[in-house]
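J.: Following this line is run_37.csv, made up of CSV, C-alpha atoms:
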```
chain,number,residue,atom,x,y,z
J,8,MET,CA,-12.4,-0.3,-7.1
J,9,GLU,CA,-16.1,0.5,-6.5
J,10,ILE,CA,-17.3,3.5,-4.5
J,11,ASN,CA,-20.7,3.9,-3.1
J,12,ILE,CA,-21.8,7.2,-1.5
J,13,LYS,CA,-25.0,7.7,0.4
J,14,LYS,CA,-26.2,9.9,3.2
J,15,GLU,CA,-27.0,8.4,6.7
J,16,LYS,CA,-28.3,10.7,9.4
J,17,GLY,CA,-27.1,13.6,7.3
J,18,VAL,CA,-23.5,12.3,7.1
J,19,PRO,CA,-22.1,11.2,3.8
J,20,LEU,CA,-21.1,7.6,4.0
J,21,VAL,CA,-18.4,6.5,1.5
J,22,SER,CA,-18.1,2.7,1.1
J,23,VAL,CA,-15.1,1.5,-0.9
J,24,LYS,CA,-14.8,-2.0,-2.4
J,25,GLY,CA,-11.7,-3.6,-4.1
J,26,ARG,CA,-8.4,-1.9,-4.1
J,27,ILE,CA,-7.2,1.7,-3.5
J,28,ASP,CA,-3.9,1.6,-5.4
J,29,ALA,CA,-1.8,3.8,-7.6
J,30,VAL,CA,-4.3,3.3,-10.4
J,31,THR,CA,-7.5,3.9,-8.5
J,32,ALA,CA,-6.5,6.4,-5.9
J,33,PRO,CA,-7.0,9.5,-8.1
J,34,ASP,CA,-10.7,8.4,-8.7
J,35,PHE,CA,-11.2,7.9,-4.9
J,36,GLU,CA,-9.7,11.3,-4.2
J,37,LYS,CA,-11.8,12.9,-6.9
J,38,ASP,CA,-15.1,11.5,-5.3
J,39,LEU,CA,-14.0,12.8,-1.9
J,40,SER,CA,-13.1,16.2,-3.4
J,41,ASP,CA,-16.6,16.4,-5.1
J,42,LEU,CA,-18.1,15.8,-1.6
J,43,ILE,CA,-16.1,18.6,-0.1
J,44,GLU,CA,-17.0,20.9,-3.0
J,45,SER,CA,-20.6,20.2,-2.5
J,46,GLY,CA,-20.3,21.6,1.1
J,47,GLU,CA,-19.8,18.5,3.2
J,48,LYS,CA,-17.6,18.9,6.2
J,49,THR,CA,-17.7,15.5,7.9
J,50,VAL,CA,-17.1,12.3,5.9
J,51,LEU,CA,-17.5,8.8,7.1
J,52,VAL,CA,-15.5,6.2,5.1
J,53,ASN,CA,-16.2,2.5,5.4
J,54,LEU,CA,-13.3,0.3,4.3
J,55,GLY,CA,-14.9,-3.0,5.3
J,56,GLU,CA,-14.9,-4.4,1.8
J,57,LEU,CA,-11.5,-3.0,0.8
J,58,GLU,CA,-9.0,-5.7,-0.2
J,59,TYR,CA,-6.1,-3.4,0.3
J,60,ILE,CA,-4.8,0.1,0.3
J,61,SER,CA,-1.3,1.2,-0.8
J,62,SER,CA,0.6,4.4,-0.1
J,63,ALA,CA,-1.1,6.1,-3.1
J,64,GLY,CA,-4.5,5.6,-1.3
J,65,LEU,CA,-3.0,6.9,2.0
J,66,ARG,CA,-1.8,10.0,0.2
J,67,SER,CA,-5.3,10.6,-1.2
J,68,ILE,CA,-6.7,10.2,2.4
J,69,LEU,CA,-4.2,12.6,3.8
J,70,ALA,CA,-4.7,15.2,1.1
J,71,THR,CA,-8.5,15.1,1.7
J,72,ALA,CA,-8.1,15.2,5.5
J,73,LYS,CA,-5.9,18.3,5.1
J,74,ARG,CA,-8.5,20.0,3.0
J,75,LEU,CA,-11.3,19.1,5.5
J,76,LYS,CA,-9.2,20.2,8.4
J,77,ALA,CA,-8.7,23.6,6.8
J,78,GLU,CA,-12.5,24.0,6.7
J,79,ASN,CA,-12.9,22.7,10.3
J,80,GLY,CA,-14.2,19.4,9.0
J,81,LYS,CA,-13.0,15.9,9.4
J,82,MET,CA,-12.8,12.4,7.9
J,83,VAL,CA,-13.5,9.4,10.1
J,84,PHE,CA,-13.3,5.6,9.3
J,85,THR,CA,-14.9,2.3,10.1
J,86,GLY,CA,-14.6,-1.3,8.9
J,87,LEU,CA,-10.8,-1.5,9.2
J,88,LYS,CA,-9.6,-5.1,9.1
J,89,GLY,CA,-6.8,-7.4,7.7
J,90,PRO,CA,-4.2,-5.7,5.6
J,91,VAL,CA,-6.0,-2.4,5.5
J,92,GLU,CA,-5.9,-2.2,9.3
J,93,GLU,CA,-2.3,-3.2,9.3
J,94,VAL,CA,-1.4,-0.5,6.8
J,95,PHE,CA,-3.3,2.1,8.9
J,96,LYS,CA,-1.4,1.0,12.0
J,97,ILE,CA,2.1,1.0,10.4
J,98,SER,CA,1.6,4.4,8.7
J,99,GLY,CA,0.4,6.1,11.9
J,100,PHE,CA,-3.0,6.7,10.4
J,101,TYR,CA,-4.6,4.8,13.3
J,102,SER,CA,-3.6,7.5,15.7
J,103,ILE,CA,-4.2,10.6,13.5
J,104,PHE,CA,-7.7,9.6,12.5
J,105,THR,CA,-10.8,8.6,14.5
J,106,ILE,CA,-11.7,5.0,13.8
J,107,PHE,CA,-15.1,3.6,14.8
J,108,GLU,CA,-16.1,0.0,15.5
J,109,SER,CA,-19.1,0.2,13.3
J,110,GLU,CA,-21.1,2.5,11.0
J,111,GLU,CA,-23.7,2.7,13.7
J,112,ALA,CA,-21.2,3.7,16.4
J,113,ALA,CA,-19.8,6.4,14.1
J,114,LEU,CA,-23.2,7.8,13.2
J,115,ASN,CA,-24.2,8.0,16.8
J,116,GLN,CA,-21.2,10.1,17.7
J,117,LEU,CA,-20.9,12.4,14.7
K,28,MET,CA,14.2,-25.5,-4.0
K,29,PRO,CA,11.6,-25.3,-6.7
K,30,LEU,CA,12.4,-23.2,-9.8
K,31,PRO,CA,11.0,-19.6,-9.6
K,32,VAL,CA,8.1,-18.7,-11.8
K,33,ASN,CA,8.3,-15.3,-13.4
K,34,LEU,CA,6.4,-12.6,-15.3
K,35,LYS,CA,8.1,-9.9,-17.3
K,36,LEU,CA,6.2,-6.9,-18.7
K,37,PRO,CA,6.8,-3.3,-19.7
K,38,ALA,CA,7.2,-1.1,-16.6
K,39,LYS,CA,3.9,0.8,-17.1
K,40,LEU,CA,1.0,1.6,-14.7
K,41,GLN,CA,-1.4,-0.3,-17.0
K,42,HIS,CA,0.4,-3.6,-16.2
K,43,LEU,CA,0.4,-3.0,-12.4
K,44,GLU,CA,-2.6,-5.0,-11.6
K,45,GLN,CA,-1.5,-8.0,-13.7
K,46,LEU,CA,1.9,-8.1,-12.0
K,47,ILE,CA,0.4,-7.8,-8.5
K,48,ASP,CA,-2.2,-10.5,-9.3
K,49,PHE,CA,0.6,-12.8,-10.6
K,50,VAL,CA,2.4,-12.6,-7.2
K,51,ALA,CA,-0.9,-13.0,-5.3
K,52,ASN,CA,-1.8,-16.1,-7.2
K,53,CYS,CA,1.6,-17.5,-6.7
K,54,ALA,CA,1.4,-16.8,-3.0
K,55,GLN,CA,-2.0,-18.5,-2.9
K,56,GLU,CA,-0.7,-21.6,-4.7
K,57,HIS,CA,2.1,-21.8,-2.1
K,58,GLY,CA,-0.5,-21.7,0.7
K,59,VAL,CA,0.4,-18.3,2.1
K,60,ALA,CA,-2.3,-17.0,4.5
K,61,GLN,CA,-4.9,-14.6,3.1
K,62,LYS,CA,-4.1,-11.7,5.3
K,63,LYS,CA,-0.4,-12.0,4.5
K,64,ILE,CA,-1.3,-12.1,0.7
K,65,GLY,CA,-2.9,-8.6,1.2
K,66,GLU,CA,0.2,-7.3,2.8
K,67,ILE,CA,2.4,-8.8,0.0
K,68,GLN,CA,0.2,-7.1,-2.6
K,69,VAL,CA,0.7,-3.8,-0.9
K,70,ALA,CA,4.5,-4.3,-0.7
K,71,VAL,CA,4.8,-5.5,-4.3
K,72,GLU,CA,2.7,-2.6,-5.5
K,73,GLU,CA,4.9,0.0,-3.7
K,74,ALA,CA,8.0,-1.6,-5.2
K,75,LEU,CA,6.5,-1.8,-8.8
K,76,VAL,CA,5.2,1.8,-8.6
K,77,ASN,CA,8.8,3.0,-7.8
K,78,VAL,CA,10.2,1.1,-10.8
K,79,ILE,CA,7.4,2.4,-13.0
K,80,ASN,CA,7.9,6.0,-11.9
K,81,TYR,CA,11.7,6.2,-11.4
K,82,ALA,CA,13.7,3.4,-13.0
K,83,TYR,CA,13.6,4.5,-16.6
K,84,LYS,CA,14.0,8.1,-17.8
K,85,ASP,CA,12.6,7.9,-21.3
K,86,GLY,CA,11.4,5.1,-23.6
K,87,GLY,CA,10.8,2.9,-20.6
K,88,GLY,CA,11.9,-0.7,-20.1
K,89,ASP,CA,10.7,-3.9,-18.5
K,90,VAL,CA,10.1,-5.1,-15.0
K,91,GLU,CA,10.2,-8.7,-14.0
K,92,VAL,CA,8.7,-10.3,-11.0
K,93,THR,CA,9.6,-13.8,-9.8
K,94,CYS,CA,8.3,-15.8,-6.8
K,95,THR,CA,9.6,-18.9,-5.1
K,96,LEU,CA,8.9,-20.9,-2.0
K,97,ASP,CA,12.0,-21.9,-0.2
K,98,ASP,CA,12.0,-23.6,3.3
K,99,GLU,CA,8.9,-21.8,4.6
K,100,LYS,CA,9.9,-18.5,3.1
K,101,PHE,CA,8.0,-16.9,0.2
K,102,ILE,CA,10.5,-15.0,-1.8
K,103,ILE,CA,9.6,-12.3,-4.4
K,104,GLU,CA,12.1,-10.6,-6.6
K,105,ILE,CA,11.4,-7.4,-8.6
K,106,ILE,CA,14.0,-6.8,-11.3
K,107,ASP,CA,14.6,-3.8,-13.5
K,108,SER,CA,17.3,-2.7,-15.9
K,109,GLY,CA,16.9,1.0,-15.0
K,110,PHE,CA,19.1,3.5,-13.2
K,111,PRO,CA,21.0,2.2,-10.1
K,112,PHE,CA,18.7,3.2,-7.3
K,113,ASP,CA,18.6,1.8,-3.8
K,114,PHE,CA,15.4,3.3,-2.5
K,115,LEU,CA,15.8,1.4,0.8
K,116,SER,CA,18.5,4.0,1.7
K,117,LEU,CA,15.8,6.7,1.9
K,118,LYS,CA,14.8,8.2,5.2
K,119,ASP,CA,11.7,6.9,6.9
K,120,PRO,CA,8.8,9.3,7.3
K,121,ASP,CA,7.9,10.7,10.7
K,122,ILE,CA,4.7,8.9,11.4
K,123,SER,CA,4.1,10.6,14.8
K,124,LEU,CA,3.0,13.9,13.2
K,125,ASN,CA,-0.7,15.0,13.0
K,126,VAL,CA,-2.8,15.6,9.9
K,127,SER,CA,-1.6,19.2,9.3
K,128,GLU,CA,2.1,18.4,9.8
K,129,ARG,CA,2.3,15.1,8.0
K,130,GLU,CA,3.9,15.3,4.6
K,131,ILE,CA,2.1,13.7,1.7
K,132,GLY,CA,4.4,11.0,0.4
K,133,GLY,CA,7.4,8.8,1.5
K,134,LEU,CA,5.1,6.1,2.9
K,135,GLY,CA,5.5,3.5,0.2
K,136,ILE,CA,9.0,2.3,1.0
K,137,TYR,CA,8.3,2.5,4.7
K,138,LEU,CA,5.3,0.1,4.2
K,139,ILE,CA,7.6,-2.3,2.2
K,140,LYS,CA,10.1,-2.4,5.1
K,141,ARG,CA,7.5,-2.9,7.7
K,142,LEU,CA,5.2,-5.4,6.0
K,143,MET,CA,7.9,-7.7,4.8
K,144,ASP,CA,10.1,-9.9,7.1
K,145,HIS,CA,13.2,-9.2,5.1
K,146,VAL,CA,14.1,-6.8,2.3
K,147,GLU,CA,17.2,-6.6,0.2
K,148,HIS,CA,18.5,-4.5,-2.7
K,149,LYS,CA,21.2,-5.7,-5.1
K,150,ARG,CA,22.8,-4.0,-8.1
K,151,GLU,CA,24.3,-6.6,-10.5
K,152,ASP,CA,24.8,-6.8,-14.3
K,153,ASN,CA,23.2,-3.3,-14.7
K,154,LYS,CA,20.1,-4.6,-13.0
K,155,ASN,CA,18.4,-3.6,-9.8
K,156,THR,CA,16.9,-6.6,-7.9
K,157,LEU,CA,14.7,-6.0,-4.9
K,158,THR,CA,14.1,-9.1,-2.9
K,159,LEU,CA,11.1,-9.3,-0.5
K,160,VAL,CA,10.9,-12.2,1.9
K,161,VAL,CA,7.9,-13.3,4.0
K,162,SER,CA,8.0,-16.3,6.3
K,163,THR,CA,5.1,-18.5,5.9
K,164,ASN,CA,5.4,-20.7,9.0
K,165,GLN,CA,4.5,-18.1,11.7
K,166,SER,CA,2.8,-14.7,12.2
K,167,LYS,CA,5.3,-11.9,11.6
K,168,SER,CA,7.1,-10.8,14.7
K,169,GLU,CA,7.6,-7.1,15.5
K,170,PRO,CA,9.6,-5.6,12.6
K,171,HIS,CA,13.1,-4.6,13.4
K,172,PRO,CA,15.2,-2.0,11.7
K,173,ASP,CA,17.8,-4.7,11.0
K,174,ASN,CA,15.5,-6.5,8.6
K,175,VAL,CA,16.9,-4.4,5.8
K,176,THR,CA,20.1,-5.6,4.1
K,177,LYS,CA,22.1,-3.9,1.4
K,178,ILE,CA,24.5,-5.9,-0.8
```
Let me see whether you can do it: turn the structure in this file into C-alpha cells.
T.:
Amino acid sequence: MEINIKKEKGVPLVSVKGRIDAVTAPDFEKDLSDLIESGEKTVLVNLGELEYISSAGLRSILATAKRLKAENGKMVFTGLKGPVEEVFKISGFYSIFTIFESEEAALNQL
Amino acid sequence: MPLPVNLKLPAKLQHLEQLIDFVANCAQEHGVAQKKIGEIQVAVEEALVNVINYAYKDGGGDVEVTCTLDDEKFIIEIIDSGFPFDFLSLKDPDISLNVSEREIGGLGIYLIKRLMDHVEHKREDNKNTLTLVVSTNQSKSEPHPDNVTKI
C-alpha cells in the first residue's frame, strides 16, 4: 500500500494505491488520524488506484469517520471502481458516505 | 476435473499476502475475470484473517488453501486444524445504520457471503474446511441468502 497526501484547494486529498487489508489498514488509519490531529475536518480520499479493500480497511474508514463526525467534520470519497466499489456497495458504505465522480467534482463542492 | 493445487503455510498475518497472491495467480491462470479476482482476494483475505485470529489458541498451526477449476466454477478451499468454528452461522451486520450507529466490525463474513456465489463450511477429521465457489461463465446474479450451505 502506498499513501500520498497533498492539499488541493485547502482540502487534504489522500490517494491510496495497492491494497488496504488486515496488514496495511493500521497504517492507513494512522495517516488519517495524523490528519485529524493536525486539525483537518474534511478529508477527501481517492481510491482510484486501490486494488482492493477488505473489512479491515472498512473498519479503519468507519473509525475515522466516527472521529470526524464527533468534530463536525466528514470524510468523502472518489475514484471508486471494480472490487472496491462492489465492497462499498455491499457493506452499505455507498449510502453512508458521499461519493464523488471525480476529484474535481469533490473539490468544487467541498 | 483437474487436480487441485495447494499452498500450506503457518496461519500468521505475515503469510497473508503470499496466500492471497497464490489464489489470485491461480484464478488468473484459470482465466477468471479481473474484477472477480479482486472480489476473490477480498473473500479469501476475510476467511484467512478469521483463521489467523481465531482458529488456534496458542502455538498456532497451519492454514492450507487449494484452488480448482471445475465445470465453469472456480473453487477455493481454506482448511485449518483449529477449533471447530462455523463463522457462517454468525449474524449479519445491520448495513442500514448511519456512521454514528454503525458498529465497527462484523463485516468480513458478510463480505464473503455476498461476494461469492456459494459458501460452505464443513467439519471433518478435526479440520475446518471453508469452500468458496465463484462461477466463471457469467456475471454474478443478485446474491441470495440461500447461497450459504452448512454440512
J.: Might you pull out every residue within 8 Å of Glu9 in chain J, with all atoms listed in the file counted and same-chain residues fewer than 5 positions away left off, and present them as a tab-separated table (two decimals) with C-alpha atoms, keeping the file's coordinate frame?
T.:
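Final output, saved to part-v8.tsv:
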```
chain	number	residue	atom	x	y	z
J	23	VAL	CA	-15.10	1.50	-0.90
J	24	LYS	CA	-14.80	-2.00	-2.40
J	25	GLY	CA	-11.70	-3.60	-4.10
```
J.: Determine the nearest neighbour of chain J from the options K:Gln61, K:Asn77, K:Asn125, K:Ser116, counting only C-alpha atoms.
T.: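 Among the listed residues, K:Asn125 lies closest to chain J.
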J.: Just how far from CA of Met143 in chain K is CA of Ile106 in chain J, in Å to one decimal?
T.: 25.0 Å
J.: With the cut-off set at 8 Å and counting only C-alpha atoms, tabulate each residue of chain J with an atom at most that distance from an atom of chain K, showing the nearest atom pair and its distance in Å to one decimal, ordered by chain and increasing number, as CSV.
T.:
```
residue,atom,partner,partner_atom,distance
J:Asp28,CA,K:Glu72,CA,7.8
J:Ala29,CA,K:Val76,CA,7.3
J:Val30,CA,K:Leu40,CA,7.0
J:Glu58,CA,K:Gly65,CA,6.9
J:Tyr59,CA,K:Gly65,CA,6.2
J:Ile60,CA,K:Val69,CA,6.8
J:Ser61,CA,K:Val69,CA,5.4
J:Ser62,CA,K:Gly135,CA,5.0
J:Ala63,CA,K:Gly135,CA,7.8
J:Arg66,CA,K:Ile131,CA,5.6
J:Leu69,CA,K:Ile131,CA,6.7
J:Ala70,CA,K:Ile131,CA,7.0
J:Ala72,CA,K:Val126,CA,6.9
J:Lys73,CA,K:Ser127,CA,6.1
J:Lys76,CA,K:Ser127,CA,7.7
J:Gly89,CA,K:Lys62,CA,5.6
J:Pro90,CA,K:Gly65,CA,5.4
J:Val94,CA,K:Leu138,CA,7.2
J:Ile97,CA,K:Leu138,CA,7.0
J:Ser98,CA,K:Ile122,CA,6.1
J:Gly99,CA,K:Ile122,CA,5.2
J:Ile103,CA,K:Asn125,CA,5.6
```
J.: Taking all atoms listed in the file into account, name the residue in K:Ile105, K:Leu117, K:Ala60, K:Cys94 that is nearest to Asn33 in chain K.
T.: K:Cys94
J.: Contacts of Lys149 in chain K at 12 Å or less, counting all atoms listed in the file, minus same-chain residues fewer than 4 places along, as a PyMOL selection string?
T.: chain K and resi 104-108+111-115+153-159+175-178
J.: Just give me the gap between CA of Gly55 in chain J and CA of Phe84 in chain J in Å, one decimal is fine.
T.: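 Value for the CA of Gly55 in chain J-CA of Phe84 in chain J distance: 9.6 Å.
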J.: Between CA of Pro37 in chain K and CA of Phe49 in chain K, what is the spacing in Å?
T.: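 These atoms are spaced 14.5 Å apart.
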J.: Choose the residue, out of K:Leu96, K:Ala38, K:Pro31, K:Thr163, that has the smallest atom-to-atom separation from Ala74 in chain K; count all atoms listed in the file.
T.: K:Ala38
J.: List as a list in words the residues having at least one atom at most 9 Å from position (-15.3, 7.9, 1.9) as given in the file, counting all atoms listed in the file.
T.: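 I get Ile10, Asn11, Ile12, Pro19, Leu20, Val21, Ser22, Val23, Phe35, Glu36, Asp38, Leu39, Val50, Leu51, Val52, Asn53, Leu54, Ile68, Met82, Val83 and Phe84 of chain J for the residues within 9 Å of that point.
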J.: Choose the residue, out of J:Ser67, J:Thr105, J:Ser40, J:Ser45, that has the smallest atom-to-atom separation from Leu117 in chain J; count all atoms listed in the file.
T.: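 Comparing J:Ser67, J:Thr105, J:Ser40, J:Ser45 against Leu117 in chain J, the winner is J:Thr105.
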J.: Using all atoms listed in the file, pick whichever of K:Ala51, K:Val146, K:Ile79, K:Val90 has the shortest atom-to-atom distance to Val161 in chain K.
T.: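 Smallest distance to Val161 in chain K is found for K:Val146.
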J.: Output requested as a PDB file, keeping the file's coordinate frame - range 145-159 of chain K, filled out with N, CA and C atoms.
T.:
```
ATOM      1  N   HIS K 145      11.837  -9.491   5.482  1.00  0.00           N
ATOM      2  CA  HIS K 145      13.200  -9.200   5.100  1.00  0.00           C
ATOM      3  C   HIS K 145      13.192  -8.525   3.719  1.00  0.00           C
ATOM      4  N   VAL K 146      14.040  -7.505   3.553  1.00  0.00           N
ATOM      5  CA  VAL K 146      14.100  -6.800   2.300  1.00  0.00           C
ATOM      6  C   VAL K 146      15.559  -6.566   1.897  1.00  0.00           C
ATOM      7  N   GLU K 147      15.856  -6.756   0.640  1.00  0.00           N
ATOM      8  CA  GLU K 147      17.200  -6.600   0.200  1.00  0.00           C
ATOM      9  C   GLU K 147      17.314  -5.962  -1.172  1.00  0.00           C
ATOM     10  N   HIS K 148      18.306  -5.082  -1.384  1.00  0.00           N
ATOM     11  CA  HIS K 148      18.500  -4.500  -2.700  1.00  0.00           C
ATOM     12  C   HIS K 148      19.879  -4.908  -3.221  1.00  0.00           C
ATOM     13  N   LYS K 149      19.921  -5.245  -4.501  1.00  0.00           N
ATOM     14  CA  LYS K 149      21.200  -5.700  -5.100  1.00  0.00           C
ATOM     15  C   LYS K 149      21.317  -5.059  -6.472  1.00  0.00           C
ATOM     16  N   ARG K 150      22.524  -4.571  -6.787  1.00  0.00           N
ATOM     17  CA  ARG K 150      22.800  -4.000  -8.100  1.00  0.00           C
ATOM     18  C   ARG K 150      23.814  -4.943  -8.779  1.00  0.00           C
ATOM     19  N   GLU K 151      23.439  -5.566  -9.875  1.00  0.00           N
ATOM     20  CA  GLU K 151      24.300  -6.600 -10.500  1.00  0.00           C
ATOM     21  C   GLU K 151      24.001  -6.597 -12.001  1.00  0.00           C
ATOM     22  N   ASP K 152      25.014  -6.686 -12.839  1.00  0.00           N
ATOM     23  CA  ASP K 152      24.800  -6.800 -14.300  1.00  0.00           C
ATOM     24  C   ASP K 152      23.877  -5.684 -14.808  1.00  0.00           C
ATOM     25  N   ASN K 153      24.060  -4.468 -14.325  1.00  0.00           N
ATOM     26  CA  ASN K 153      23.200  -3.300 -14.700  1.00  0.00           C
ATOM     27  C   ASN K 153      21.732  -3.529 -14.406  1.00  0.00           C
ATOM     28  N   LYS K 154      21.475  -4.354 -13.409  1.00  0.00           N
ATOM     29  CA  LYS K 154      20.100  -4.600 -13.000  1.00  0.00           C
ATOM     30  C   LYS K 154      19.908  -4.291 -11.518  1.00  0.00           C
ATOM     31  N   ASN K 155      18.742  -3.748 -11.163  1.00  0.00           N
ATOM     32  CA  ASN K 155      18.400  -3.600  -9.800  1.00  0.00           C
ATOM     33  C   ASN K 155      17.494  -4.819  -9.412  1.00  0.00           C
ATOM     34  N   THR K 156      17.827  -5.508  -8.334  1.00  0.00           N
ATOM     35  CA  THR K 156      16.900  -6.600  -7.900  1.00  0.00           C
ATOM     36  C   THR K 156      16.528  -6.261  -6.439  1.00  0.00           C
ATOM     37  N   LEU K 157      15.225  -6.170  -6.233  1.00  0.00           N
ATOM     38  CA  LEU K 157      14.700  -6.000  -4.900  1.00  0.00           C
ATOM     39  C   LEU K 157      14.097  -7.310  -4.464  1.00  0.00           C
ATOM     40  N   THR K 158      14.591  -7.846  -3.361  1.00  0.00           N
ATOM     41  CA  THR K 158      14.100  -9.100  -2.900  1.00  0.00           C
ATOM     42  C   THR K 158      13.225  -8.896  -1.633  1.00  0.00           C
ATOM     43  N   LEU K 159      12.011  -9.423  -1.666  1.00  0.00           N
ATOM     44  CA  LEU K 159      11.100  -9.300  -0.500  1.00  0.00           C
ATOM     45  C   LEU K 159      10.868 -10.725   0.016  1.00  0.00           C
TER      46      LEU K 159
END
```
